[in-house]
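Enquirer: My structure is stored as upload.cif, with mmCIF, C-alpha atoms.
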data_work
#
loop_
_atom_site.label_atom_id
_atom_site.label_comp_id
_atom_site.auth_asym_id
_atom_site.auth_seq_id
_atom_site.Cartn_x
_atom_site.Cartn_y
_atom_site.Cartn_z
CA MET A 1 29.08 77.72 -51.67
CA SER A 2 31.40 77.00 -48.81
CA ALA A 3 28.50 75.65 -46.74
CA ALA A 4 27.36 73.38 -49.61
CA ARG A 5 30.87 72.06 -50.10
CA ARG A 6 31.10 71.32 -46.41
CA CYS A 7 27.87 69.22 -46.56
CA ARG A 8 28.95 67.03 -49.47
CA PRO A 9 31.49 64.81 -47.66
CA PRO A 10 28.98 63.67 -45.02
CA ARG A 11 26.43 62.83 -47.73
CA ALA A 12 29.03 60.84 -49.66
CA LEU A 13 29.98 58.97 -46.53
CA ALA A 14 26.32 58.16 -45.80
CA GLY A 15 25.78 56.84 -49.33
CA LEU A 16 28.91 54.71 -49.09
CA PHE A 17 27.68 53.28 -45.78
CA VAL A 18 24.25 52.39 -47.26
CA TRP A 19 25.89 50.73 -50.28
CA ARG A 20 28.09 48.73 -47.95
CA LEU A 21 25.12 47.51 -45.92
CA ARG A 22 23.23 46.45 -49.05
CA ASN A 23 26.18 44.40 -50.32
CA ALA A 24 26.63 42.79 -46.92
CA GLY A 25 22.89 42.01 -46.71
CA MET A 26 22.94 40.38 -50.15
CA ARG A 27 25.85 38.21 -49.10
CA GLN A 28 24.13 37.15 -45.86
CA ILE A 29 20.86 36.10 -47.54
CA PRO A 30 21.94 32.43 -47.98
CA TYR A 31 23.04 32.23 -44.35
CA ARG A 32 19.70 33.69 -43.25
CA PHE A 33 17.84 31.05 -45.27
CA VAL A 34 19.86 28.33 -43.59
CA HIS A 35 19.14 29.85 -40.19
CA LEU A 36 15.41 30.07 -40.93
CA TYR A 37 15.45 26.45 -42.07
CA HIS A 38 16.97 25.37 -38.76
CA ILE A 39 14.35 27.36 -36.82
CA ALA A 40 11.54 25.86 -38.89
CA SER A 41 12.91 22.35 -38.43
CA ASN A 42 13.00 22.88 -34.67
CA ARG A 43 9.55 24.42 -34.34
CA LEU A 44 7.52 22.73 -37.06
CA ILE A 45 6.59 19.08 -37.52
CA THR A 46 9.34 17.24 -39.40
CA PHE A 47 9.97 13.66 -40.38
CA GLN A 48 11.29 12.89 -36.89
CA TYR A 49 7.90 13.74 -35.42
CA PHE A 50 6.18 11.40 -37.81
CA ASN A 51 8.71 8.72 -36.91
CA PHE A 52 7.94 9.29 -33.23
CA LEU A 53 4.21 8.97 -33.93
CA LYS A 54 4.92 5.76 -35.76
CA ARG A 55 6.58 4.35 -32.64
CA MET A 56 3.56 5.10 -30.47
CA TYR A 57 1.45 2.07 -29.78
CA VAL A 58 -2.25 1.46 -29.58
CA THR A 59 -4.05 -0.58 -26.97
CA GLN A 60 -7.51 -2.04 -27.11
CA TYR A 61 -9.84 -2.07 -24.12
CA ASN A 62 -13.47 -3.12 -24.47
CA LYS A 63 -13.15 -2.85 -28.28
CA ASP A 64 -12.39 0.89 -28.02
CA LEU A 65 -9.10 2.10 -29.49
CA SER A 66 -7.19 4.63 -27.45
CA GLN A 67 -3.76 6.02 -28.27
CA ARG A 68 -1.13 6.37 -25.59
CA ALA A 69 1.53 9.04 -25.96
CA LYS A 70 4.26 6.73 -24.75
CA PRO A 71 7.30 5.80 -26.85
CA LYS A 72 8.03 2.20 -27.53
CA SER A 73 10.42 0.74 -25.00
CA ASP A 74 13.70 -0.79 -26.06
CA SER A 75 13.19 -4.39 -26.98
CA ILE A 76 14.95 -7.17 -25.13
CA VAL A 77 15.86 -9.68 -27.80
CA SER A 78 15.85 -13.32 -26.84
CA PRO A 79 19.10 -15.28 -27.29
CA PHE A 80 17.45 -17.60 -29.81
CA TYR A 81 16.51 -14.65 -31.98
CA GLU A 82 20.07 -13.28 -31.80
CA LEU A 83 21.48 -16.62 -32.96
CA GLN A 84 19.11 -16.68 -35.89
CA GLN A 85 20.05 -13.13 -36.87
CA LEU A 86 23.76 -13.90 -36.67
CA ASP A 87 23.36 -16.98 -38.84
CA GLN A 88 21.38 -15.09 -41.43
CA GLU A 89 23.43 -11.89 -41.65
CA LYS A 90 27.14 -12.71 -41.31
CA LYS A 91 29.69 -14.99 -39.80
CA VAL A 92 32.53 -13.59 -37.73
CA VAL A 93 35.89 -15.38 -37.79
CA HIS A 94 38.03 -15.02 -34.68
CA LYS A 95 41.68 -15.82 -34.41
CA ILE A 96 42.25 -18.69 -32.00
CA SER A 97 45.11 -18.11 -29.61
CA PRO A 98 46.89 -20.89 -27.67
CA VAL A 99 45.32 -21.52 -24.31
CA SER A 100 46.32 -23.29 -21.14
CA PRO A 101 44.83 -26.73 -20.21
CA VAL A 102 42.49 -25.14 -17.68
CA GLN A 103 41.26 -22.60 -20.20
CA GLN A 104 40.95 -25.37 -22.77
CA LEU A 105 38.67 -27.34 -20.49
CA TRP A 106 36.62 -24.23 -19.84
CA SER A 107 36.34 -23.47 -23.57
CA GLU A 108 35.31 -27.07 -24.27
CA THR A 109 32.53 -26.90 -21.71
CA SER A 110 31.38 -23.52 -23.01
CA SER A 111 31.38 -24.80 -26.59
CA ARG A 112 29.34 -27.80 -25.52
CA ASN A 113 26.84 -25.50 -23.81
CA GLU A 114 26.61 -23.40 -26.96
CA LEU A 115 25.97 -26.50 -29.05
CA ARG A 116 23.23 -27.59 -26.67
CA GLU A 117 21.65 -24.14 -26.80
CA ARG A 118 21.73 -24.16 -30.60
CA LYS A 119 20.19 -27.63 -30.71
CA SER A 120 17.42 -26.59 -28.33
CA ALA A 121 16.91 -23.45 -30.39
CA ALA A 122 16.62 -25.50 -33.54
CA GLU A 123 14.17 -27.87 -31.88
CA THR A 124 12.00 -25.07 -30.54
CA GLU A 125 12.25 -22.90 -33.64
CA ASP A 126 8.59 -23.38 -34.42
CA SER A 127 7.52 -22.51 -30.86
CA VAL A 128 9.65 -19.36 -30.55
CA ILE A 129 7.57 -16.22 -30.80
CA PRO A 130 9.13 -13.29 -32.69
CA VAL A 131 10.15 -10.29 -30.66
CA GLY A 132 7.69 -8.02 -32.36
CA ALA A 133 4.88 -10.43 -31.58
CA GLU A 134 5.91 -10.54 -27.92
CA PHE A 135 5.75 -6.78 -27.60
CA LYS A 136 2.50 -6.73 -29.52
CA GLU A 137 1.02 -9.11 -26.94
CA ASP A 138 2.35 -6.98 -24.09
CA ARG A 139 0.67 -3.91 -25.54
CA GLN A 140 -2.73 -5.56 -25.67
CA TRP A 141 -5.06 -6.20 -22.76
CA LYS A 142 -4.88 -9.84 -21.69
CA GLU A 143 -7.77 -11.82 -20.31
CA MET A 144 -7.39 -12.39 -16.57
CA LYS A 145 -7.26 -16.06 -15.61
CA LEU A 146 -7.89 -17.13 -12.03
CA ARG A 147 -6.91 -20.61 -10.94
CA LEU A 148 -8.86 -22.30 -8.17
CA ASP A 149 -5.66 -23.37 -6.44
CA ASP A 150 -4.62 -19.74 -5.91
CA LEU A 151 -8.07 -18.55 -4.82
CA PRO A 152 -7.77 -19.33 -1.06
CA GLY A 153 -4.49 -17.45 -0.76
CA ILE A 154 -5.83 -14.50 -2.75
CA LEU A 155 -8.95 -14.29 -0.62
CA ALA A 156 -6.86 -14.52 2.54
CA ARG A 157 -4.77 -11.54 1.44
CA LEU A 158 -7.89 -9.72 0.30
CA SER A 159 -9.47 -10.08 3.74
CA LYS A 160 -6.18 -9.24 5.56
CA ILE A 161 -6.21 -12.51 7.44
CA LYS A 162 -3.68 -11.39 10.09
CA LEU A 163 -5.68 -8.27 10.94
CA THR A 164 -8.87 -10.34 10.99
CA ALA A 165 -7.24 -12.79 13.41
CA LEU A 166 -6.34 -9.87 15.70
CA VAL A 167 -9.92 -8.59 15.57
CA VAL A 168 -11.33 -12.01 16.43
CA SER A 169 -8.86 -12.44 19.30
CA THR A 170 -9.82 -9.09 20.85
CA ALA A 171 -13.52 -9.98 20.50
CA SER A 172 -12.80 -13.32 22.19
CA ALA A 173 -11.03 -11.47 25.01
CA GLY A 174 -14.11 -9.30 25.50
CA PHE A 175 -16.30 -12.41 25.61
CA ALA A 176 -13.99 -14.11 28.12
CA MET A 177 -13.84 -11.05 30.38
CA ALA A 178 -17.63 -10.79 30.65
CA PRO A 179 -18.88 -11.67 34.17
CA VAL A 180 -21.19 -14.47 33.02
CA PRO A 181 -20.82 -18.23 32.64
CA PHE A 182 -19.00 -19.26 29.45
CA GLU A 183 -21.18 -20.60 26.63
CA PHE A 184 -19.23 -22.29 23.86
CA THR A 185 -21.97 -22.08 21.20
CA CYS A 186 -22.48 -18.36 21.69
CA PHE A 187 -18.71 -17.83 21.73
CA LEU A 188 -18.30 -19.72 18.45
CA LEU A 189 -21.09 -17.81 16.70
CA ALA A 190 -19.77 -14.47 17.96
CA SER A 191 -16.21 -15.23 16.83
CA LEU A 192 -17.35 -16.46 13.41
CA GLY A 193 -19.66 -13.49 12.84
CA THR A 194 -16.98 -11.00 13.91
CA GLY A 195 -14.43 -12.63 11.61
CA LEU A 196 -16.78 -12.55 8.62
CA ALA A 197 -17.62 -8.89 9.27
CA SER A 198 -13.90 -8.07 9.44
CA CYS A 199 -13.23 -9.89 6.15
CA ALA A 200 -16.02 -7.92 4.46
CA ALA A 201 -14.75 -4.57 5.75
CA ASN A 202 -11.15 -5.27 4.70
CA SER A 203 -12.21 -6.39 1.22
CA ILE A 204 -14.28 -3.27 0.63
CA ASN A 205 -11.38 -1.16 1.90
CA GLN A 206 -9.03 -2.68 -0.68
CA PHE A 207 -11.66 -2.25 -3.38
CA PHE A 208 -11.78 1.51 -2.76
CA GLU A 209 -8.01 2.01 -2.43
CA VAL A 210 -6.68 0.27 -5.55
CA PRO A 211 -5.31 3.44 -7.28
CA PHE A 212 -3.65 4.58 -4.05
CA ASP A 213 -2.26 1.18 -3.04
CA SER A 214 -0.50 0.92 -6.41
CA ASN A 215 1.72 3.89 -5.46
CA MET A 216 2.91 2.39 -2.17
CA ASN A 217 5.60 -0.24 -1.78
CA ARG A 218 3.80 -1.80 1.18
CA THR A 219 0.53 -2.36 -0.70
CA LYS A 220 1.53 -2.62 -4.36
CA ASN A 221 1.37 -6.43 -4.28
CA ARG A 222 -2.21 -6.68 -3.08
CA PRO A 223 -4.48 -8.92 -5.18
CA LEU A 224 -6.58 -6.13 -6.69
CA VAL A 225 -3.54 -4.01 -7.53
CA ARG A 226 -1.82 -6.89 -9.32
CA GLY A 227 -5.01 -7.93 -11.09
CA GLN A 228 -5.16 -11.36 -9.50
CA ILE A 229 -8.86 -10.97 -8.78
CA SER A 230 -11.56 -8.90 -10.45
CA PRO A 231 -13.39 -6.07 -8.67
CA LEU A 232 -16.71 -7.82 -9.23
CA LEU A 233 -15.47 -10.95 -7.49
CA THR A 234 -14.13 -8.79 -4.67
CA VAL A 235 -17.51 -7.16 -4.11
CA CYS A 236 -19.23 -10.55 -4.24
CA PHE A 237 -16.79 -11.95 -1.69
CA ALA A 238 -17.34 -8.96 0.61
CA ALA A 239 -21.13 -9.37 0.35
CA SER A 240 -20.90 -13.13 0.95
CA CYS A 241 -18.92 -12.44 4.13
CA GLY A 242 -20.73 -9.35 5.43
CA VAL A 243 -24.34 -10.49 5.09
CA PRO A 244 -23.93 -13.91 6.79
CA GLY A 245 -21.66 -12.36 9.41
CA ILE A 246 -24.18 -9.74 10.48
CA ALA A 247 -26.98 -12.32 10.29
CA LEU A 248 -25.06 -14.65 12.63
CA LEU A 249 -24.40 -11.85 15.10
CA THR A 250 -28.00 -10.62 15.01
CA LEU A 251 -29.92 -13.89 14.97
CA GLY A 252 -27.45 -16.27 16.58
CA VAL A 253 -26.09 -13.97 19.30
CA ASN A 254 -28.21 -10.84 19.94
CA PRO A 255 -29.36 -7.77 17.99
CA LEU A 256 -27.04 -5.42 19.91
CA THR A 257 -23.93 -7.30 18.77
CA GLY A 258 -25.24 -7.43 15.20
CA ALA A 259 -25.86 -3.68 15.23
CA LEU A 260 -22.32 -3.04 16.50
CA GLY A 261 -20.90 -5.26 13.74
CA ALA A 262 -22.85 -3.46 11.01
CA PHE A 263 -21.87 -0.08 12.45
CA ASN A 264 -18.21 -1.11 12.49
CA ILE A 265 -18.30 -2.11 8.82
CA PHE A 266 -19.90 1.24 7.95
CA LEU A 267 -17.39 3.16 10.06
CA TYR A 268 -14.40 1.40 8.52
CA THR A 269 -15.45 1.55 4.87
CA CYS A 270 -17.45 4.78 4.62
CA CYS A 271 -15.72 6.98 7.22
CA TYR A 272 -12.19 5.78 7.91
CA THR A 273 -11.27 4.86 4.33
CA PRO A 274 -12.08 8.23 2.69
CA LEU A 275 -10.77 10.19 5.70
CA LYS A 276 -7.30 8.72 5.15
CA ARG A 277 -6.86 11.11 2.20
CA MET A 278 -8.64 14.09 3.77
CA SER A 279 -7.62 14.63 7.39
CA ILE A 280 -5.44 13.25 10.17
CA ALA A 281 -8.67 12.60 12.08
CA ASN A 282 -8.69 9.23 10.32
CA THR A 283 -6.36 7.85 13.02
CA TRP A 284 -8.90 8.57 15.78
CA VAL A 285 -11.73 7.12 13.69
CA GLY A 286 -9.64 4.02 12.99
CA ALA A 287 -8.96 3.66 16.72
CA VAL A 288 -12.73 3.60 17.34
CA VAL A 289 -13.05 0.87 14.71
CA GLY A 290 -10.44 -1.21 16.53
CA ALA A 291 -12.06 -0.61 19.91
CA ILE A 292 -15.48 -2.00 18.92
CA PRO A 293 -14.60 -5.77 18.60
CA PRO A 294 -13.93 -6.31 22.36
CA ILE A 295 -17.16 -4.46 23.08
CA MET A 296 -18.91 -6.84 20.67
CA GLY A 297 -17.47 -9.79 22.58
CA TRP A 298 -18.75 -8.37 25.87
CA THR A 299 -22.22 -7.67 24.49
CA ALA A 300 -22.33 -11.14 22.92
CA ALA A 301 -21.85 -12.70 26.37
CA THR A 302 -23.95 -10.33 28.47
CA GLY A 303 -26.41 -8.80 26.00
CA SER A 304 -25.85 -5.33 27.46
CA LEU A 305 -23.39 -2.47 27.14
CA ASP A 306 -21.76 -2.10 30.57
CA ALA A 307 -18.83 -0.18 32.01
CA GLY A 308 -16.61 -3.24 31.57
CA ALA A 309 -17.24 -3.22 27.82
CA LEU A 310 -16.32 0.47 27.62
CA LEU A 311 -13.14 -0.18 29.63
CA LEU A 312 -12.03 -2.93 27.25
CA GLY A 313 -12.82 -0.68 24.31
CA GLY A 314 -10.79 2.11 25.94
CA ILE A 315 -7.77 -0.16 26.36
CA LEU A 316 -7.91 -1.16 22.69
CA TYR A 317 -8.48 2.46 21.71
CA SER A 318 -5.37 3.70 23.53
CA TRP A 319 -3.20 0.78 22.46
CA GLN A 320 -3.72 1.52 18.76
CA PHE A 321 -2.02 4.93 18.88
CA PRO A 322 1.47 3.76 19.85
CA HIS A 323 1.01 0.75 17.61
CA PHE A 324 -0.07 2.61 14.48
CA ASN A 325 1.92 5.82 14.98
CA ALA A 326 5.12 3.82 15.37
CA LEU A 327 4.26 1.82 12.26
CA SER A 328 3.41 4.87 10.18
CA TRP A 329 6.64 6.63 11.20
CA GLY A 330 8.70 4.17 9.18
CA LEU A 331 6.26 4.39 6.26
CA ARG A 332 6.12 8.17 5.89
CA GLU A 333 7.51 8.13 2.34
CA ASP A 334 5.02 5.46 1.34
CA TYR A 335 2.04 7.29 2.83
CA SER A 336 3.04 10.61 1.23
CA ARG A 337 3.47 8.86 -2.12
CA GLY A 338 0.02 7.32 -1.79
CA GLY A 339 -1.58 10.65 -0.86
CA TYR A 340 -2.64 9.71 2.68
CA CYS A 341 -2.97 12.34 5.41
CA MET A 342 -1.20 10.72 8.33
CA MET A 343 0.15 12.38 11.45
CA SER A 344 3.61 11.03 10.74
CA VAL A 345 3.61 12.90 7.40
CA THR A 346 1.84 16.18 8.13
CA HIS A 347 2.22 16.53 11.94
CA PRO A 348 5.28 14.54 13.07
CA GLU A 349 5.49 16.15 16.52
CA LEU A 350 1.80 15.47 17.17
CA CYS A 351 2.31 11.86 16.06
CA ARG A 352 5.01 11.27 18.69
CA ARG A 353 3.17 13.20 21.39
CA VAL A 354 -0.09 11.28 20.90
CA ALA A 355 1.76 7.95 20.99
CA LEU A 356 3.38 8.82 24.35
CA ARG A 357 0.12 10.17 25.74
CA HIS A 358 -1.77 6.95 25.09
CA CYS A 359 1.07 4.80 26.40
CA LEU A 360 0.59 6.57 29.73
CA ALA A 361 -3.18 6.23 29.38
CA LEU A 362 -2.80 2.44 29.43
CA ILE A 363 -1.49 2.68 33.00
CA GLY A 364 -4.54 4.69 34.08
CA LEU A 365 -7.00 2.36 32.35
CA SER A 366 -5.41 -0.67 34.00
CA THR A 367 -5.90 1.01 37.37
CA VAL A 368 -9.59 1.67 36.65
CA ALA A 369 -10.32 -2.06 36.07
CA PRO A 370 -10.50 -3.06 39.78
CA VAL A 371 -12.41 0.13 40.57
CA LEU A 372 -15.16 -1.01 38.19
CA ASP A 373 -15.07 -4.45 39.85
CA ILE A 374 -13.89 -6.19 36.67
CA THR A 375 -10.55 -7.47 37.99
CA THR A 376 -8.81 -7.79 41.33
CA TRP A 377 -6.30 -5.23 42.58
CA THR A 378 -3.45 -7.49 41.55
CA PHE A 379 -4.06 -6.61 37.89
CA PRO A 380 -2.71 -3.02 38.08
CA VAL A 381 0.33 -4.28 39.99
CA ILE A 382 1.16 -7.14 37.60
CA SER A 383 0.47 -5.08 34.47
CA LEU A 384 2.52 -2.11 35.69
CA PRO A 385 5.94 -3.39 34.42
CA ILE A 386 4.76 -3.98 30.84
CA ASN A 387 2.85 -0.69 30.83
CA LEU A 388 5.92 1.15 32.12
CA TYR A 389 8.09 -0.51 29.50
CA ILE A 390 5.86 0.53 26.59
CA SER A 391 5.66 4.02 28.11
CA TYR A 392 9.45 4.14 28.23
CA LEU A 393 9.65 3.16 24.56
CA GLY A 394 6.98 5.75 23.79
CA PHE A 395 9.14 8.38 25.51
CA ARG A 396 12.18 7.25 23.52
CA PHE A 397 10.14 7.56 20.34
CA TYR A 398 8.98 11.03 21.38
CA ARG A 399 12.53 12.16 22.20
CA ASP A 400 14.60 10.56 19.42
CA ALA A 401 12.07 10.56 16.56
CA ASP A 402 14.02 8.04 14.48
CA ARG A 403 13.30 4.73 12.81
CA SER A 404 15.03 2.69 15.47
CA SER A 405 12.87 3.98 18.34
CA SER A 406 9.68 3.69 16.27
CA ARG A 407 10.54 0.11 15.32
CA LYS A 408 11.13 -0.87 18.94
CA LEU A 409 7.83 0.68 20.00
CA PHE A 410 5.96 -1.10 17.21
CA PHE A 411 7.35 -4.54 18.01
CA CYS A 412 6.70 -3.98 21.70
CA SER A 413 3.05 -3.21 20.94
CA LEU A 414 2.72 -6.56 19.18
CA TRP A 415 3.35 -8.56 22.35
CA HIS A 416 2.10 -5.94 24.82
CA LEU A 417 -1.60 -6.31 23.94
CA PRO A 418 -1.90 -10.11 24.22
CA MET A 419 0.17 -10.03 27.41
CA LEU A 420 -2.04 -7.33 28.93
CA LEU A 421 -5.26 -9.15 28.01
CA LEU A 422 -3.89 -12.42 29.37
CA VAL A 423 -2.95 -10.81 32.70
CA MET A 424 -6.36 -9.17 32.79
CA PHE A 425 -8.07 -12.52 32.25
CA THR A 426 -6.06 -14.21 35.00
CA CYS A 427 -6.95 -11.41 37.42
CA LYS A 428 -10.64 -11.47 36.47
CA LYS A 429 -13.12 -11.70 39.33
CA SER A 430 -14.86 -15.04 39.43
CA VAL A 431 -18.52 -15.46 38.60
CA LEU A 432 -19.25 -16.95 42.06
CA GLU A 433 -18.07 -13.80 43.81
CA LYS A 434 -20.31 -11.66 41.61
CA GLU A 435 -23.25 -13.96 42.17
CA ASP A 436 -22.81 -13.63 45.91
CA LYS A 437 -22.76 -9.86 45.62
CA GLY A 438 -25.62 -9.85 43.11
CA ASP A 439 -23.64 -7.77 40.60
CA LEU A 440 -24.27 -9.96 37.56
CA PRO A 441 -26.06 -8.26 34.67
CA GLY A 442 -29.71 -9.17 34.63
CA ARG A 443 -29.55 -10.63 38.15
CA SER A 444 -31.76 -7.90 39.64
CA CYS A 445 -34.44 -8.57 36.99
CA GLU A 446 -34.41 -12.28 37.83
CA ARG A 447 -34.82 -11.52 41.54
CA ALA A 448 -37.67 -9.16 40.80
CA MET A 449 -39.41 -11.88 38.82
CA GLU A 450 -38.87 -14.31 41.68
CA ILE A 451 -40.47 -11.85 44.12
CA ARG A 452 -43.47 -11.33 41.89
CA LEU A 453 -44.11 -15.06 41.52
CA PRO A 454 -46.11 -16.63 44.39
#
Could you render the structure from this file as structure tokens?

Expert:
Amino acid sequence: MSAARRCRPPRALAGLFVWRLRNAGMRQIPYRFVHLYHIASNRLITFQYFNFLKRMYVTQYNKDLSQRAKPKSDSIVSPFYELQQLDQEKKVVHKISPVSPVQQLWSETSSRNELRERKSAAETEDSVIPVGAEFKEDRQWKEMKLRLDDLPGILARLSKIKLTALVVSTASAGFAMAPVPFEFTCFLLASLGTGLASCAANSINQFFEVPFDSNMNRTKNRPLVRGQISPLLTVCFAASCGVPGIALLTLGVNPLTGALGAFNIFLYTCCYTPLKRMSIANTWVGAVVGAIPPIMGWTAATGSLDAGALLLGGILYSWQFPHFNALSWGLREDYSRGGYCMMSVTHPELCRRVALRHCLALIGLSTVAPVLDITTWTFPVISLPINLYISYLGFRFYRDADRSSSRKLFFCSLWHLPMLLLVMFTCKKSVLEKEDKGDLPGRSCERAMEIRLP
């Protein structure tokens, strides 16, 4: 009995505890319902979600409806619409306080301006488009209209007219450096064909890079990105430039120059353009593309691929590395945003080292010119100061690795190349000296024909 009596108090306490929990649970049921309602409203679809879906807009493209999960932007109400709303809804009365004469004049002028605005608003009431209609027009695809007055400028930007002018000038330098008598007709055909081929290559390049150019500040205003010209018209323009250009080089000049022009278009559009997003090897491929135009000028004049043509191509090849690497150093954010694999983005030390290396290579290539009997020995001496200066800037760029040094190297490269080619042309060996030595291309064949003839 004593053991049973001892067990009763714990049982009574346990029953009291269970009764207490039940009462507390019954009291907390309303709070639990409220809590569950909040959880359901946060996790399930409520009226707010339907309101959000109502604000989503629909665009139409090629008669196919597609829904964009983008909320409607805040509307910018025109001042005319605000005046109309104020007149319709309510009028606010302000207490006029005494003002000074200067303030009175200012208030009079402002009131006159307001009256003029209201008169113009009343006059143009029929022509004012409601705000909802304006945003409805912005949401829809608009038909692209191209004016003929803007077409020359658009095509000039599409063909990168400045880069095309540089290509033609380097091809002209190769033609002028050739050790043959100057022929104006051949020079004109070669320059025109090279320019047309460059326009075609640049247009195709922009056609392929529209989604990537739109992400870069440097290229976001190009004609295709802004929709100023259609892709079909771009392809037609590229074909109308590339086909006549290669035909002029092949039929008007010689087949070797035409083959080099066609190969350069292929190399620029099908190799260099996709490599820009795959590997840093695109810089070396692009340097080959820039080295071919002076070789084309040489072959247009001589009809053969000699050591002089390769030397001119080597000078252009080496010059492009300090020029482009310095340019890309200041555009690293842009290139990374566009998804391009450039040395300045992925291998910054290699970018600076390659630029310095090719600055020094220009000194060596200038020394090789008289060895190949293309120029006199005065050319390495006269060109040494400008080559040393660009090498010094290349060293500063390699050491400092900042925007200031890269900018100085880039602007130096802009005047270094025309200055070097001009000095090279002035130190060119005359045609009479080569004729005396019998070193002209094709001269041995002519002499052999003379010997064979009776």

Enquirer: Quick one: of A:Thr299, A:Asn221, A:Ser336, A:Asn325, who's nearest to Arg277 (chain A), counting only C-alpha atoms?

Expert: A:Ser336

Enquirer: Excluding region 252-269 of chain A and any residue of its chain fewer than 6 positions from it, enumerate the residues within 10 Å of it, using only C-alpha atoms, and give them as number ranges by chain.

Expert: A: 185-190, 193-194, 196-208, 242-243, 245-246, 275, 282, 285-286, 288-293, 295-305

Enquirer: Step by step, work through what the PyMOL selection byres ((chain A and resi 418) around 12) selects in the shown file, and finish by giving those residues as a ChimeraX atom specification.

Expert: /A:166-167,169-170,172-173,315-316,319,383,386,412-417,419-425

Enquirer: Which is closest to Ile154 (chain A) among A:Ser230, A:Thr273, A:Asn387, A:Ser328, if we use only C-alpha atoms?

Expert: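 Once distances to Ile154 (chain A) are computed over only C-alpha atoms, the minimum belongs to A:Ser230.
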
Enquirer: How many Å lie between CA of Ala355 (chain A) and CA of Leu331 (chain A), rounded to one decimal?

Expert: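 For CA of Ala355 (chain A) relative to CA of Leu331 (chain A), the distance reads 15.8 Å.
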
Enquirer: Can you work out the spacing between CA of Pro370 (chain A) and CA of Val180 (chain A) in Å, to one decimal?

Expert: 17.0 Å

Enquirer: Tell me which of A:Lys408, A:Tyr335, A:Arg222, A:Thr376 sits closest to Tyr389 (chain A), counting all atoms listed in the file.

Expert: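 Distance minimum relative to Tyr389 (chain A) lands on A:Lys408.
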
Enquirer: Which distance in Å separates CA of Leu365 (chain A) and CA of Cys271 (chain A), to one decimal?

Expert: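 These two atoms are separated by 27.0 Å.
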
Enquirer: Pick out the closest residue to Arg399 (chain A) from this set: A:Cys351, A:Ala281, A:Cys241, A:Leu192. Count only C-alpha atoms.

Expert: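 Between A:Cys351, A:Ala281, A:Cys241, A:Leu192, the residue approaching Arg399 (chain A) most closely is A:Cys351.
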
Enquirer: Which of these, A:Trp284, A:Phe321, A:Phe395, A:Phe411, has the shortest distance to Val354 (chain A) once you count only C-alpha atoms?

Expert: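 For Val354 (chain A), the nearest of the candidates is A:Phe321.
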